[in-house]
>>> print(open('coords.tsv').read())   # TSV, C-alpha atoms
chain	number	residue	atom	x	y	z
A	29	MET	CA	0.00	0.00	0.00
A	30	MET	CA	2.87	2.26	0.88
A	31	GLN	CA	4.38	1.69	-2.55
A	32	LYS	CA	1.11	2.57	-4.31
A	33	ALA	CA	0.85	5.81	-2.31
A	34	VAL	CA	4.35	6.84	-3.28
A	35	ILE	CA	3.66	6.11	-6.93
A	36	ALA	CA	0.46	8.15	-6.77
A	37	SER	CA	2.32	11.08	-5.21
A	38	VAL	CA	5.00	10.96	-7.90
A	39	VAL	CA	2.42	10.84	-10.68
A	40	ALA	CA	0.57	13.83	-9.19
A	41	LEU	CA	3.77	15.79	-8.90
A	42	MET	CA	4.66	15.01	-12.52
A	43	LEU	CA	1.24	16.12	-13.70
A	44	GLU	CA	1.56	19.38	-11.76
A	45	ILE	CA	4.96	20.05	-13.28
A	46	ALA	CA	3.63	19.26	-16.76
A	47	GLY	CA	0.76	21.73	-16.22
A	48	LEU	CA	3.16	24.47	-15.22
A	49	THR	CA	5.27	23.77	-18.30
A	50	VAL	CA	2.23	24.02	-20.59
A	51	GLN	CA	1.23	27.25	-18.90
A	52	ALA	CA	4.75	28.69	-19.30
A	53	GLN	CA	4.74	27.78	-22.96
A	54	GLU	CA	1.46	29.55	-23.81
A	55	PRO	CA	1.89	30.68	-27.44
A	56	SER	CA	2.68	34.34	-28.29
A	57	VAL	CA	3.05	36.24	-31.57
A	58	LEU	CA	5.89	38.52	-32.62
A	59	ILE	CA	4.38	41.87	-33.60
A	60	GLN	CA	5.10	45.51	-34.25
A	61	TYR	CA	2.80	48.23	-33.00
A	62	ALA	CA	2.01	51.89	-33.58
A	63	LYS	CA	0.30	54.55	-31.50
A	64	VAL	CA	-3.00	56.17	-32.43
A	65	VAL	CA	-2.14	59.75	-33.39
A	66	GLN	CA	-4.13	62.83	-34.23
A	67	GLN	CA	-3.28	64.67	-37.44
A	68	THR	CA	-4.87	66.70	-40.21
A	69	VAL	CA	-6.72	64.41	-42.60
A	70	SER	CA	-8.47	65.23	-45.85
A	71	GLU	CA	-9.83	63.84	-49.08
A	72	THR	CA	-7.38	64.15	-51.97
A	73	MET	CA	-7.98	65.30	-55.53
A	74	THR	CA	-4.95	64.61	-57.73
A	75	LYS	CA	-4.34	67.03	-60.61
A	76	TYR	CA	-1.42	67.95	-62.86
A	77	GLY	CA	0.33	71.15	-63.84
A	78	ARG	CA	3.67	72.76	-64.59
A	79	VAL	CA	6.15	75.24	-63.18
A	80	LEU	CA	5.74	78.83	-64.39
A	81	PRO	CA	7.10	82.21	-63.29
A	82	ASP	CA	4.83	84.19	-61.01
A	83	PRO	CA	2.95	86.66	-63.28
A	84	ASP	CA	3.58	89.39	-60.70
A	85	ALA	CA	7.34	88.90	-61.14
A	86	VAL	CA	7.54	89.14	-64.95
A	87	LEU	CA	9.17	92.26	-66.44
A	88	THR	CA	8.43	93.14	-70.08
A	89	ILE	CA	11.10	95.06	-72.02
A	90	SER	CA	9.52	97.40	-74.57
A	91	LEU	CA	11.28	99.38	-77.30
A	92	PRO	CA	11.67	103.10	-76.51
A	93	ASN	CA	11.32	104.15	-80.16
A	94	ALA	CA	11.05	102.85	-83.71
A	95	GLY	CA	14.07	101.38	-85.43
A	96	LEU	CA	15.93	98.29	-86.63
A	97	ILE	CA	17.03	95.33	-84.48
A	98	THR	CA	20.67	94.90	-85.51
A	99	ARG	CA	21.64	92.24	-82.96
A	100	VAL	CA	20.00	89.88	-80.44
A	101	ALA	CA	22.36	88.79	-77.63
A	102	VAL	CA	20.13	86.37	-75.69
A	103	ARG	CA	18.11	83.20	-76.29
A	104	LEU	CA	14.79	81.96	-74.94
A	105	GLY	CA	15.26	80.39	-71.50
A	106	GLN	CA	18.66	82.02	-70.92
A	107	ARG	CA	19.58	83.28	-67.45
A	108	VAL	CA	20.72	86.90	-67.44
A	109	LYS	CA	22.31	89.18	-64.87
A	110	ARG	CA	21.55	92.84	-64.38
A	111	GLY	CA	23.44	94.83	-67.00
A	112	ASP	CA	23.83	91.95	-69.47
A	113	SER	CA	23.29	92.85	-73.15
A	114	LEU	CA	19.89	91.91	-74.55
A	115	PHE	CA	19.62	93.37	-78.06
A	116	GLU	CA	20.86	96.31	-80.14
A	117	LEU	CA	18.48	98.88	-81.61
A	118	ALA	CA	19.38	101.28	-84.41
A	119	THR	CA	17.05	104.25	-84.10
A	120	SER	CA	14.94	105.10	-87.14
A	121	PRO	CA	16.32	108.11	-89.11
A	122	ALA	CA	12.92	109.79	-88.92
A	123	VAL	CA	12.89	109.44	-85.14
A	124	TYR	CA	16.44	110.77	-84.79
A	125	LEU	CA	15.48	113.71	-87.04
A	126	GLN	CA	12.76	114.64	-84.53
A	127	TYR	CA	15.43	114.83	-81.84
A	128	LEU	CA	17.68	117.01	-83.99
A	129	GLN	CA	14.77	119.35	-84.72
A	130	ALA	CA	13.94	119.58	-81.01
A	131	ARG	CA	17.54	120.40	-80.19
A	132	SER	CA	17.58	123.11	-82.88
A	133	ALA	CA	14.35	124.51	-81.44
A	134	VAL	CA	16.05	124.88	-78.05
A	135	ASP	CA	19.04	126.66	-79.60
A	136	TYR	CA	16.75	129.02	-81.52
A	137	ALA	CA	14.60	129.74	-78.44
A	138	GLN	CA	17.71	130.48	-76.39
A	139	ARG	CA	18.97	132.97	-78.95
A	140	GLU	CA	15.54	134.57	-79.24
A	141	LEU	CA	15.30	135.03	-75.47
A	142	SER	CA	18.74	136.64	-75.40
A	143	ARG	CA	17.69	138.98	-78.23
A	144	GLN	CA	14.46	140.00	-76.49
A	145	GLN	CA	16.32	140.64	-73.24
A	146	ARG	CA	18.80	142.85	-75.07
A	147	LEU	CA	16.01	144.78	-76.81
A	148	PHE	CA	14.25	145.20	-73.48
A	149	GLN	CA	17.38	146.74	-71.99
A	150	GLU	CA	17.47	149.13	-74.96
A	151	GLN	CA	13.75	149.87	-74.38
A	152	LEU	CA	12.92	148.43	-77.79
A	153	ALA	CA	10.83	145.53	-76.38
A	154	VAL	CA	8.30	145.16	-73.59
A	155	LYS	CA	8.17	142.68	-70.70
A	156	ALA	CA	5.48	140.63	-72.42
A	157	GLN	CA	7.80	139.89	-75.34
A	158	VAL	CA	10.58	138.76	-72.97
A	159	ALA	CA	8.12	136.56	-71.06
A	160	ALA	CA	6.85	135.00	-74.29
A	161	ALA	CA	10.41	134.21	-75.40
A	162	ARG	CA	11.19	132.68	-72.00
A	163	LYS	CA	8.02	130.50	-72.22
A	164	THR	CA	9.00	129.36	-75.73
A	165	LEU	CA	12.42	128.31	-74.43
A	166	GLN	CA	10.89	126.37	-71.53
A	167	ASP	CA	8.55	124.51	-73.88
A	168	ALA	CA	11.40	123.69	-76.27
A	169	ARG	CA	13.53	122.32	-73.43
A	170	SER	CA	10.63	120.20	-72.14
A	171	SER	CA	10.12	118.69	-75.59
A	172	LEU	CA	13.83	117.93	-75.89
A	173	GLN	CA	13.94	116.30	-72.44
A	174	ALA	CA	10.95	114.14	-73.36
A	175	LEU	CA	12.70	112.89	-76.50
A	176	GLU	CA	15.89	112.23	-74.55
A	177	ALA	CA	13.88	110.25	-72.00
A	178	GLN	CA	12.71	108.12	-74.93
A	179	ARG	CA	16.38	107.79	-75.92
A	180	GLN	CA	15.78	109.31	-79.35
A	181	ASN	CA	19.12	111.06	-79.01
A	182	LYS	CA	20.90	107.74	-79.59
A	183	THR	CA	21.45	106.47	-83.13
A	184	VAL	CA	22.42	102.99	-81.89
A	185	GLU	CA	21.69	101.61	-78.42
A	186	MET	CA	22.39	98.28	-76.75
A	187	MET	CA	19.48	97.46	-74.44
A	188	SER	CA	20.57	95.78	-71.18
A	189	ALA	CA	18.81	93.67	-68.55
A	190	PRO	CA	17.40	95.82	-65.72
A	191	THR	CA	17.48	92.89	-63.27
A	192	ASP	CA	18.54	89.27	-62.81
A	193	GLY	CA	16.18	86.70	-64.26
A	194	ILE	CA	15.29	84.26	-67.03
A	195	VAL	CA	14.26	85.21	-70.56
A	196	ILE	CA	10.80	83.62	-70.87
A	197	GLN	CA	9.63	85.41	-74.02
A	198	LEU	CA	11.60	86.65	-77.02
A	199	VAL	CA	9.58	88.42	-79.69
A	200	VAL	CA	12.20	90.20	-81.81
A	201	LYS	CA	14.98	88.81	-83.99
A	202	GLN	CA	17.87	90.33	-85.88
A	203	GLY	CA	16.72	92.39	-88.87
A	204	ASP	CA	13.25	93.18	-87.54
A	205	ARG	CA	11.94	96.70	-88.12
A	206	VAL	CA	9.97	97.62	-85.03
A	207	GLN	CA	7.73	100.39	-83.80
A	208	ALA	CA	7.99	102.31	-80.54
A	209	GLY	CA	6.38	100.47	-77.64
A	210	THR	CA	6.84	97.01	-79.15
A	211	ALA	CA	7.26	94.34	-76.42
A	212	ALA	CA	10.64	92.84	-77.33
A	213	LEU	CA	11.10	90.26	-74.56
A	214	ALA	CA	10.03	89.31	-71.06
A	215	ILE	CA	12.20	88.41	-68.07
A	216	ALA	CA	11.03	86.37	-65.07
A	217	THR	CA	12.70	88.13	-62.16
A	218	GLY	CA	13.95	86.64	-58.92
A	219	LYS	CA	12.93	83.16	-57.76
A	220	ARG	CA	9.17	83.64	-57.56
A	221	LEU	CA	7.59	80.58	-59.17
A	222	ILE	CA	4.06	79.19	-59.25
A	223	ALA	CA	2.39	75.89	-60.05
A	224	MET	CA	-0.13	76.27	-62.87
A	225	ILE	CA	-2.62	73.46	-62.20
A	226	GLY	CA	-5.38	72.34	-64.55
A	227	VAL	CA	-8.71	71.12	-63.18
A	228	GLU	CA	-11.87	69.88	-64.90
A	229	PRO	CA	-14.65	72.50	-64.93
A	230	GLU	CA	-17.03	70.18	-63.03
A	231	ASP	CA	-14.59	70.02	-60.08
A	232	ILE	CA	-14.38	73.78	-59.58
A	233	ARG	CA	-17.33	73.74	-57.19
A	234	PHE	CA	-15.26	71.81	-54.64
A	235	LEU	CA	-12.41	74.34	-54.62
A	236	GLN	CA	-11.77	77.83	-53.32
A	237	PRO	CA	-8.77	80.12	-52.76
A	238	GLY	CA	-6.82	78.94	-49.73
A	239	THR	CA	-7.48	75.22	-50.30
A	240	PRO	CA	-4.31	73.30	-49.25
A	241	VAL	CA	-2.30	71.54	-51.96
A	242	LEU	CA	0.79	69.30	-51.87
A	243	ILE	CA	3.01	69.88	-54.91
A	244	SER	CA	5.37	67.16	-56.17
A	245	SER	CA	7.90	67.39	-59.01
A	246	VAL	CA	7.89	64.74	-61.73
A	247	PHE	CA	11.59	65.22	-62.51
A	248	VAL	CA	13.03	65.89	-59.02
A	249	PRO	CA	12.80	62.77	-56.77
A	250	ASP	CA	11.32	63.28	-53.31
A	251	TYR	CA	10.50	66.93	-54.05
A	252	LYS	CA	7.33	67.83	-52.14
A	253	VAL	CA	6.21	71.23	-50.91
A	254	GLU	CA	3.09	72.44	-49.10
A	255	SER	CA	1.17	75.28	-50.74
A	256	TYR	CA	-2.38	76.56	-51.32
A	257	LEU	CA	-4.60	77.68	-54.17
A	258	ARG	CA	-3.99	81.41	-54.67
A	259	GLU	CA	-6.16	81.95	-57.74
A	260	ILE	CA	-8.87	80.00	-59.55
A	261	HIS	CA	-9.50	81.34	-63.05
A	262	ALA	CA	-13.02	81.89	-64.35
A	263	MET	CA	-12.56	80.57	-67.89
A	264	ILE	CA	-11.49	77.41	-69.69
A	265	ASN	CA	-7.99	77.40	-71.14
A	266	PRO	CA	-8.54	76.87	-74.90
A	267	SER	CA	-5.29	74.88	-75.18
A	268	THR	CA	-5.92	72.38	-72.36
A	269	HIS	CA	-9.74	72.61	-72.04
A	270	LEU	CA	-9.19	72.83	-68.28
A	271	VAL	CA	-9.58	75.65	-65.77
A	272	ASP	CA	-6.22	77.03	-64.59
A	273	MET	CA	-5.38	77.50	-60.92
A	274	LEU	CA	-2.27	79.09	-59.42
A	275	ALA	CA	-0.44	77.83	-56.33
A	276	PRO	CA	2.68	79.73	-55.16
A	277	ILE	CA	5.91	77.80	-54.58
A	278	PRO	CA	7.81	79.03	-51.47
A	279	ALA	CA	10.93	81.03	-52.33
A	280	GLY	CA	13.22	78.61	-50.52
A	281	LYS	CA	11.94	75.65	-52.54
A	282	THR	CA	12.60	76.82	-56.12
A	283	ASP	CA	16.30	76.05	-56.64
A	284	HIS	CA	15.92	72.69	-58.40
A	285	LEU	CA	12.82	73.48	-60.46
A	286	VAL	CA	12.96	74.19	-64.20
A	287	LEU	CA	10.39	76.44	-65.86
A	288	GLY	CA	7.84	74.39	-67.77
A	289	SER	CA	8.57	71.13	-65.92
A	290	PRO	CA	5.55	68.98	-64.99
A	291	LEU	CA	4.10	68.77	-61.48
A	292	THR	CA	1.62	66.65	-59.57
A	293	ALA	CA	-0.76	68.45	-57.22
A	294	GLU	CA	-2.66	66.70	-54.43
A	295	ILE	CA	-5.49	69.08	-53.54
A	296	ARG	CA	-6.79	68.48	-50.02
A	297	LEU	CA	-10.52	68.78	-49.47
A	298	ASN	CA	-12.52	68.81	-46.23
A	299	ALA	CA	-9.38	69.03	-44.10
A	300	HIS	CA	-9.93	68.34	-40.37
A	301	THR	CA	-8.14	66.84	-37.37
A	302	GLY	CA	-8.74	63.11	-36.83
A	303	MET	CA	-7.30	60.01	-35.18
A	304	THR	CA	-5.23	57.85	-37.53
A	305	VAL	CA	-3.52	54.46	-37.48
A	306	PRO	CA	-1.28	52.79	-40.06
A	307	ARG	CA	-3.26	51.29	-42.91
A	308	SER	CA	-1.88	47.82	-42.10
A	309	SER	CA	-3.44	47.97	-38.60
A	310	VAL	CA	-7.03	47.74	-39.81
A	311	LEU	CA	-8.46	44.32	-40.68
A	312	GLN	CA	-11.91	43.33	-41.89
A	313	ASP	CA	-14.19	40.33	-41.62
A	314	GLN	CA	-17.91	39.66	-41.65
A	315	GLN	CA	-18.33	41.70	-38.47
A	316	GLY	CA	-16.70	44.77	-39.99
A	317	SER	CA	-13.45	46.67	-39.48
A	318	TYR	CA	-11.32	45.96	-36.41
A	319	VAL	CA	-7.86	46.35	-34.93
A	320	PHE	CA	-5.89	44.59	-32.21
A	321	ARG	CA	-5.14	46.90	-29.31
A	322	ILE	CA	-2.33	45.89	-26.96
A	323	VAL	CA	-3.50	45.69	-23.31
A	324	ASP	CA	-1.22	44.21	-20.63
A	325	GLY	CA	0.83	42.33	-23.22
A	326	LYS	CA	-2.18	40.76	-24.89
A	327	ALA	CA	-4.00	41.45	-28.15
A	328	GLN	CA	-7.53	42.79	-27.62
A	329	ARG	CA	-9.81	42.85	-30.63
A	330	VAL	CA	-11.60	46.21	-30.98
A	331	GLY	CA	-14.21	47.05	-33.60
A	332	VAL	CA	-13.64	50.47	-35.19
A	333	LEU	CA	-15.47	52.93	-37.38
A	334	THR	CA	-13.19	54.14	-40.18
A	335	GLY	CA	-13.20	57.37	-42.14
A	336	LEU	CA	-10.87	58.85	-44.75
A	337	GLU	CA	-7.96	56.81	-46.08
A	338	SER	CA	-4.58	57.38	-47.72
A	339	ASP	CA	-1.79	55.10	-48.88
A	340	GLN	CA	-0.23	55.23	-45.40
A	341	TRP	CA	-3.04	55.73	-42.87
A	342	ILE	CA	-6.74	55.25	-42.11
A	343	GLU	CA	-8.86	57.61	-40.05
A	344	ILE	CA	-10.52	56.10	-36.97
A	345	LYS	CA	-13.78	57.83	-36.05
A	346	ASP	CA	-14.76	55.57	-33.14
A	347	GLY	CA	-13.40	52.68	-31.07
A	348	LEU	CA	-9.97	54.02	-30.06
A	349	LYS	CA	-8.45	57.00	-28.32
A	350	PRO	CA	-5.20	58.92	-28.99
A	351	GLY	CA	-2.17	57.10	-27.59
A	352	ASP	CA	-3.62	53.58	-27.83
A	353	ALA	CA	-1.10	50.99	-29.07
A	354	VAL	CA	-2.40	48.93	-32.01
A	355	VAL	CA	-0.73	46.06	-33.83
A	356	SER	CA	0.55	47.13	-37.25
A	357	VAL	CA	2.59	44.03	-38.24
A	358	GLY	CA	1.69	40.46	-37.30
A	359	ASN	CA	-2.00	41.10	-36.70
A	360	TYR	CA	-3.12	38.44	-39.21
A	361	GLU	CA	-1.80	35.75	-36.82
A	362	LEU	CA	-3.65	37.05	-33.77
A	363	THR	CA	-6.82	36.05	-31.99
A	364	ASP	CA	-8.53	37.93	-29.20
A	365	GLY	CA	-6.59	37.63	-25.93
A	366	MET	CA	-3.43	36.16	-27.45
A	367	LEU	CA	-0.06	37.04	-25.92
A	368	VAL	CA	2.17	39.32	-28.03
A	369	ARG	CA	5.81	40.22	-27.94
A	370	GLU	CA	7.34	43.24	-29.62
A	371	GLY	CA	9.84	42.83	-32.47
A	372	ARG	CA	11.72	45.08	-34.82
>>> encode(input="coords.tsv", output="structure tokens")
Amino acid sequence: MMQKAVIASVVALMLEIAGLTVQAQEPSVLIQYAKVVQQTVSETMTKYGRVLPDPDAVLTISLPNAGLITRVAVRLGQRVKRGDSLFELATSPAVYLQYLQARSAVDYAQRELSRQQRLFQEQLAVKAQVAAARKTLQDARSSLQALEAQRQNKTVEMMSAPTDGIVIQLVVKQGDRVQAGTAALAIATGKRLIAMIGVEPEDIRFLQPGTPVLISSVFVPDYKVESYLREIHAMINPSTHLVDMLAPIPAGKTDHLVLGSPLTAEIRLNAHTGMTVPRSSVLQDQQGSYVFRIVDGKAQRVGVLTGLESDQWIEIKDGLKPGDAVVSVGNYELTDGMLVREGR
């Protein structure tokens, strides 16, 4: 009997040890987790455009008078510095003749005033005659100064760049006979650039000035810059059949952009602050969307109400609170209440 009792005690002890071993070896899953965070979320409308100079920073160079273009020193798209030669203008003979006549008129008026002053001293002229001669001289000088301001006193003149910039329009070429006031070229000054974005007319009702937009360059990898819609035009561009919108590019973000290069614009609609989790955290089954929240080292299944989505995140409208830890990798292997261990 004693032997049977000892055997029974040994068997019981072995069973107890086996139970502890099973309990110690309760299965767990290697996971990675992320915290629920609050951030600005929005719907996205993806459109396309190109880099252009800001219209407010474009300087047009017009011809001061009529003449002949004898030389063009720049090309379309060329960068120029202030003082660089642009083109050479030979003033029209008829225009230069006007200057010569105005200069002769000043000389004649000066001599006439001197003569009237001399006659007045000899009491052969009255004050009114001297005053009239002085007025004639003033008018002649004003006319001459006006022609000089138009640079009609120069037979040949090399026009120079008034500021640093890029030649974005070149109208004249060597040998052209031009009239006064002709727009010869345009220079985009400084580093003020915009994104010209095209949008379908039916989408205009969703947009307004100030709408946020994320601009990405097609040619420059990883180039992204935050901006906003500054202008929304009120007509369809006949070339693209789209409505043009302008979004400014911050001055410090223009160095690697080339005029005319294509852009992608992600226009953000209905922007608001919401809770978000990584897209991989949200699973679905017949009961709906759910995540696994980590509580005391175990996975707790939580049903959630989702909202807006992007490639990286999903908005959570209900079921979680900011700061909750949710499983982002390894959640497909989990069941409710399962032990988890963090991995890299």
>>> closest_atom_pairs(input="coords.tsv", of="range 263-325 of chain A", to="range 210-227 of chain A", cutoff="10 Å", atoms="only C-alpha atoms", output="JSON lines")
{"residue": "A:Ile264", "atom": "CA", "partner": "A:Gly226", "partner_atom": "CA", "distance": 9.5}
{"residue": "A:Asn265", "atom": "CA", "partner": "A:Gly226", "partner_atom": "CA", "distance": 8.7}
{"residue": "A:Thr268", "atom": "CA", "partner": "A:Gly226", "partner_atom": "CA", "distance": 7.8}
{"residue": "A:His269", "atom": "CA", "partner": "A:Gly226", "partner_atom": "CA", "distance": 8.7}
{"residue": "A:Leu270", "atom": "CA", "partner": "A:Gly226", "partner_atom": "CA", "distance": 5.4}
{"residue": "A:Val271", "atom": "CA", "partner": "A:Val227", "partner_atom": "CA", "distance": 5.3}
{"residue": "A:Asp272", "atom": "CA", "partner": "A:Gly226", "partner_atom": "CA", "distance": 4.8}
{"residue": "A:Met273", "atom": "CA", "partner": "A:Ile225", "partner_atom": "CA", "distance": 5.1}
{"residue": "A:Leu274", "atom": "CA", "partner": "A:Met224", "partner_atom": "CA", "distance": 4.9}
{"residue": "A:Ala275", "atom": "CA", "partner": "A:Ala223", "partner_atom": "CA", "distance": 5.1}
{"residue": "A:Pro276", "atom": "CA", "partner": "A:Ile222", "partner_atom": "CA", "distance": 4.4}
{"residue": "A:Ile277", "atom": "CA", "partner": "A:Ile222", "partner_atom": "CA", "distance": 5.2}
{"residue": "A:Pro278", "atom": "CA", "partner": "A:Arg220", "partner_atom": "CA", "distance": 7.8}
{"residue": "A:Ala279", "atom": "CA", "partner": "A:Arg220", "partner_atom": "CA", "distance": 6.1}
{"residue": "A:Gly280", "atom": "CA", "partner": "A:Lys219", "partner_atom": "CA", "distance": 8.6}
{"residue": "A:Lys281", "atom": "CA", "partner": "A:Lys219", "partner_atom": "CA", "distance": 9.2}
{"residue": "A:Thr282", "atom": "CA", "partner": "A:Lys219", "partner_atom": "CA", "distance": 6.6}
{"residue": "A:Asp283", "atom": "CA", "partner": "A:Lys219", "partner_atom": "CA", "distance": 7.9}
{"residue": "A:Leu285", "atom": "CA", "partner": "A:Leu221", "partner_atom": "CA", "distance": 8.9}
{"residue": "A:Val286", "atom": "CA", "partner": "A:Leu221", "partner_atom": "CA", "distance": 9.7}
{"residue": "A:Leu287", "atom": "CA", "partner": "A:Leu221", "partner_atom": "CA", "distance": 8.4}
{"residue": "A:Gly288", "atom": "CA", "partner": "A:Met224", "partner_atom": "CA", "distance": 9.5}
{"residue": "A:Ser289", "atom": "CA", "partner": "A:Ala223", "partner_atom": "CA", "distance": 9.8}
{"residue": "A:Pro290", "atom": "CA", "partner": "A:Ala223", "partner_atom": "CA", "distance": 9.1}
{"residue": "A:Leu291", "atom": "CA", "partner": "A:Ala223", "partner_atom": "CA", "distance": 7.5}
{"residue": "A:Thr292", "atom": "CA", "partner": "A:Ile225", "partner_atom": "CA", "distance": 8.4}
{"residue": "A:Ala293", "atom": "CA", "partner": "A:Ile225", "partner_atom": "CA", "distance": 7.3}
>>> closest_residue(input="coords.tsv", among="A:Glu361, A:Asp204, A:Glu176, A:Glu140", to="Gly95 in chain A", atoms="all atoms listed in the file")
A:Asp204
>>> residues_around(input="coords.tsv", residues="range 100-112 of chain A", least_positions_apart="5", cutoff="10 Å", atoms="all atoms listed in the file", output="list in words")
Leu117, Met186, Met187, Ser188, Ala189, Pro190, Thr191, Asp192, Gly193, Ile194, Val195, Ile196, Gln197, Leu198, Val199, Val200, Lys201, Gln202, Gly203, Leu213, Ala214, Ile215, Ala216, Thr217, Val286 and Leu287 of chain A
>>> atom_distance(input="coords.tsv", atom1="CA of Leu165 in chain A", atom2="CA of Gln126 in chain A")
17.0 Å
>>> residues_around(input="coords.tsv", residues="Lys252 in chain A", least_positions_apart="6", cutoff="9 Å", atoms="all atoms listed in the file", output="JSON, numbers by chain")
{"A": [242, 243, 244, 245]}
>>> atom_distance(input="coords.tsv", atom1="CA of Ser90 in chain A", atom2="CA of Leu128 in chain A")
23.2 Å
>>> closest_residue(input="coords.tsv", among="A:Ala94, A:Val86, A:Leu80, A:Val354", to="Val206 in chain A", atoms="all atoms listed in the file")
A:Ala94
>>> residues_near_point(input="coords.tsv", point="(-14.2, 54.0, -38.5)", cutoff="10 Å", atoms="only C-alpha atoms", output="list in words")
Met303, Thr304, Val310, Gly316, Ser317, Tyr318, Gly331, Val332, Leu333, Thr334, Gly335, Leu336, Ile342, Glu343, Ile344, Lys345, Asp346, Gly347 and Leu348 of chain A
>>> closest_atom_pairs(input="coords.tsv", of="range 220-323 of chain A", to="range 62-65 of chain A", cutoff="10 Å", atoms="all atoms listed in the file", output="tab-separated table")
residue	atom	partner	partner_atom	distance
A:Gly302	CA	A:Val65	CA	8.2
A:Met303	CA	A:Val65	CA	5.5
A:Thr304	CA	A:Val65	CA	5.5
A:Val305	CA	A:Val64	CA	5.4
A:Pro306	CA	A:Ala62	CA	7.3
A:Ser309	CA	A:Ala62	CA	8.4
A:Arg321	CA	A:Lys63	CA	9.6
A:Ile322	CA	A:Ala62	CA	9.9
>>> residues_around(input="coords.tsv", residues="Ile59 in chain A", least_positions_apart="3", cutoff="6 Å", atoms="all atoms listed in the file", output="PyMOL selection string")
chain A and resi 357-358+370-371
>>> closest_residue(input="coords.tsv", among="A:Thr119, A:Gln166, A:Thr68, A:Gln328", to="Asp135 in chain A", atoms="all atoms listed in the file")
A:Gln166
>>> closest_residue(input="coords.tsv", among="A:Ala208, A:Leu147, A:Ala130, A:Ala160", to="Gln173 in chain A", atoms="only C-alpha atoms")
A:Ala130
>>> residues_around(input="coords.tsv", residues="Leu367 in chain A", least_positions_apart="5", cutoff="7 Å", atoms="all atoms listed in the file", output="mmCIF file with C-alpha atoms, keeping the file's coordinate frame")
data_model
loop_
_atom_site.group_PDB
_atom_site.id
_atom_site.type_symbol
_atom_site.label_atom_id
_atom_site.label_comp_id
_atom_site.auth_asym_id
_atom_site.auth_seq_id
_atom_site.Cartn_x
_atom_site.Cartn_y
_atom_site.Cartn_z
ATOM 1 C CA PRO A 55 1.890 30.680 -27.440
ATOM 2 C CA SER A 56 2.680 34.340 -28.290
ATOM 3 C CA VAL A 57 3.050 36.240 -31.570
ATOM 4 C CA GLY A 325 0.830 42.330 -23.220
ATOM 5 C CA LYS A 326 -2.180 40.760 -24.890
ATOM 6 C CA ALA A 327 -4.000 41.450 -28.150
#
>>> atom_distance(input="coords.tsv", atom1="CA of Thr183 in chain A", atom2="CA of Ser171 in chain A")
18.3 Å
>>> closest_residue(input="coords.tsv", among="A:Gln340, A:Ser120, A:Lys163, A:Arg131", to="Gln207 in chain A", atoms="all atoms listed in the file")
A:Ser120
>>> build_atoms(input="coords.tsv", residues="range 186-198 of chain A", atoms="N, CA and C atoms", output="compact mmCIF listing (two decimals), in the frame of the given file")
# COMPACT_ATOMS: atom_id res chain seq x y z
N MET A 186 22.46 99.66 -77.22
CA MET A 186 22.39 98.28 -76.75
C MET A 186 21.51 98.25 -75.50
N MET A 187 20.38 97.58 -75.58
CA MET A 187 19.48 97.46 -74.44
C MET A 187 20.03 96.41 -73.48
N SER A 188 20.01 96.69 -72.17
CA SER A 188 20.57 95.78 -71.18
C SER A 188 19.50 95.34 -70.19
N ALA A 189 19.76 94.23 -69.52
CA ALA A 189 18.81 93.67 -68.55
C ALA A 189 18.73 94.55 -67.32
N PRO A 190 17.53 94.96 -66.91
CA PRO A 190 17.40 95.82 -65.72
C PRO A 190 17.49 95.05 -64.41
N THR A 191 17.45 93.71 -64.48
CA THR A 191 17.48 92.89 -63.27
C THR A 191 17.92 91.48 -63.62
N ASP A 192 18.24 90.69 -62.60
CA ASP A 192 18.54 89.27 -62.81
C ASP A 192 17.25 88.53 -63.15
N GLY A 193 17.37 87.48 -63.95
CA GLY A 193 16.18 86.70 -64.26
C GLY A 193 16.40 85.72 -65.39
N ILE A 194 15.29 85.23 -65.93
CA ILE A 194 15.29 84.26 -67.03
C ILE A 194 14.46 84.83 -68.17
N VAL A 195 15.00 84.75 -69.39
CA VAL A 195 14.26 85.21 -70.56
C VAL A 195 13.16 84.18 -70.87
N ILE A 196 11.91 84.56 -70.66
CA ILE A 196 10.80 83.62 -70.87
C ILE A 196 10.01 83.92 -72.15
N GLN A 197 10.29 85.06 -72.76
CA GLN A 197 9.63 85.41 -74.02
C GLN A 197 10.57 86.26 -74.84
N LEU A 198 10.72 85.91 -76.10
CA LEU A 198 11.60 86.65 -77.02
C LEU A 198 10.85 86.86 -78.32
